Amino acid sequence: MTLGPEHPGRVRGVGAGISPRQYFNLPKPQRMSFDDRLKDSLRVLLQEETKKMEAKAREEALRMEARTKQLVIEGVDYSNMEVSSSLKSLCRYVETTLVPQDKIMNFTIDKEVFGLERNTFVLPEDITQFAGMEEIGATVVAVYMRYLHDHLKEANMCSMVGFIDPATVSANSGTIADRSRLVAGRLQKTDGEQIFMMPYHPGRHWVLLIVRAKRETVYFLDPLPGNRVVDEEGKNIVNSAIKIYNSHIARAGRKAPIWKTLSGT
């Protein structure tokens, strides 16, 4: 009451004109635009989502590691498995060497297999899942195609049969346009009579497309009984690739390629 009414923006007892910011050495407040506040909020949100994804990835990696060790070390009786002797030997190699030494199997896929040389690897769980008739990834399929190519080469049949890398054309491998160009590029490196084996994973299970570019014909095989519907995305990829191929060889071609669904598996 003696000092009188309080006035904002000043500090008592230190002289006139001294503000709280000056006396207490407070930082000058900065104005943030709406865009800046939005960017800051998005940055925080992105950091939180990234942490969640990293935690989920770590959890999945630990789960797969535990599952692999259980399959390989504890629960697999290779002697009673209804598989070939070579696969049994491979599983024993996983058990005795890969898992204890924390190793993987490295492969080089030559340029002549898919048109582009690349290195890849197979994890121990890839092998145990394959041996256990579980889901398999594109890498396992690609490595097997490399093996088939070796046999074709020995039989002088590489000019008859070619392969398209399943990792570059299956679902979630890029846009339809990008995948079509990759398939077209592979088709162009042939005289036209060669047929191409194209394993394709639409997101549910593996199917096989056999492409005969010169005849503008595609054969479709599905291992599931009663499932004879061609995936639209895969169909669009191959149709566009054949159109690009026709343009490359200066041919008008059909309005649409012929698709034939083959019976059996």
# chains A, B, ... in the order shown; residues from 1 in each chain; ligands from 1
>>> residues_around(residues="Met133 in chain A", least_positions_apart="5", cutoff="12 Å", atoms="only C-alpha atoms", output="list in words")
Met81, Glu82, Val83, Asp126, Ile127 and Thr128 of chain A
>>> write_last_selection(atoms="N, CA and C atoms", output="short mmCIF file (atom, residue, chain, number, x, y, z; two decimals), in the first residue's frame")
data_model
loop_
_atom_site.label_atom_id
_atom_site.label_comp_id
_atom_site.auth_asym_id
_atom_site.auth_seq_id
_atom_site.Cartn_x
_atom_site.Cartn_y
_atom_site.Cartn_z
N MET A 81 13.03 -85.22 -41.34
CA MET A 81 12.44 -84.25 -42.27
C MET A 81 12.27 -84.87 -43.64
N GLU A 82 11.11 -84.66 -44.26
CA GLU A 82 10.84 -85.20 -45.60
C GLU A 82 11.37 -84.23 -46.66
N VAL A 83 12.67 -84.05 -46.67
CA VAL A 83 13.32 -83.18 -47.65
C VAL A 83 14.53 -83.91 -48.21
N ASP A 126 16.19 -67.72 -43.18
CA ASP A 126 15.69 -67.95 -44.54
C ASP A 126 15.72 -69.44 -44.87
N ILE A 127 16.80 -70.10 -44.44
CA ILE A 127 16.97 -71.52 -44.75
C ILE A 127 16.03 -72.38 -43.93
N THR A 128 15.92 -72.08 -42.63
CA THR A 128 15.04 -72.89 -41.78
C THR A 128 13.57 -72.70 -42.16
#
>>> select_by_dssp(residues="range 137-246 of chain A", states="strand (DSSP E)", output="number ranges by chain")
A: 161-163, 195-200, 207-212, 217-221
>>> closest_residue(among="A:Val143, A:Ala57, A:Ala171, A:Val161", to="Glu233 in chain A", atoms="only C-alpha atoms")
A:Ala171
>>> select_by_dssp(residues="range 128-258 of chain A", states="alpha helix (DSSP H)", output="PyMOL selection string")
chain A and resi 128-131+138-154+166-169+176-188+232-248
>>> residues_around(residues="range 219-224 of chain A", least_positions_apart="4", cutoff="7 Å", atoms="only C-alpha atoms", output="ChimeraX atom specification")
/A:207-211,228,259-262,265
>>> residues_around(residues="Gly253 in chain A", least_positions_apart="6", cutoff="10 Å", atoms="only C-alpha atoms", output="tab-separated table (two decimals) with C-alpha atoms, in the first residue's frame")
chain	number	residue	atom	x	y	z
A	214	LYS	CA	7.93	-61.71	-79.38
A	215	ARG	CA	4.55	-63.45	-79.38
A	216	GLU	CA	3.04	-60.94	-76.93
A	242	ILE	CA	5.62	-55.50	-73.68
A	243	LYS	CA	4.41	-52.18	-75.10
A	245	TYR	CA	9.47	-53.70	-75.95
A	246	ASN	CA	7.30	-53.32	-79.09
A	247	SER	CA	8.35	-49.69	-79.35
>>> closest_residue(among="A:Leu3, A:Lys52, A:Leu123, A:Ile195", to="Cys158 in chain A", atoms="only C-alpha atoms")
A:Ile195
>>> residues_around(residues="Arg186 in chain A", least_positions_apart="4", cutoff="9 Å", atoms="only C-alpha atoms", output="MDAnalysis selection string")
chainID A and resid 114:115 162:164 181:182 190 196
>>> write_last_selection(atoms="C-alpha atoms", output="CSV table (one decimal), in the first residue's frame")
chain,number,residue,atom,x,y,z
A,114,PHE,CA,19.1,-61.0,-64.4
A,115,GLY,CA,20.9,-58.6,-66.7
A,162,GLY,CA,15.8,-66.2,-69.2
A,163,PHE,CA,15.0,-64.9,-65.7
A,164,ILE,CA,13.6,-61.7,-64.3
A,181,ARG,CA,10.8,-50.3,-67.4
A,182,LEU,CA,12.9,-52.9,-65.6
A,190,THR,CA,17.2,-60.9,-76.2
A,196,PHE,CA,11.3,-65.3,-69.4
>>> residues_around(residues="Lys103 in chain A", least_positions_apart="2", cutoff="10 Å", atoms="only C-alpha atoms", output="ChimeraX atom specification")
/A:94,97-101,105-106,122-124
>>> closest_residue(among="A:Leu187, A:Met157, A:Ala177, A:Leu46", to="Ser240 in chain A", atoms="only C-alpha atoms")
A:Ala177
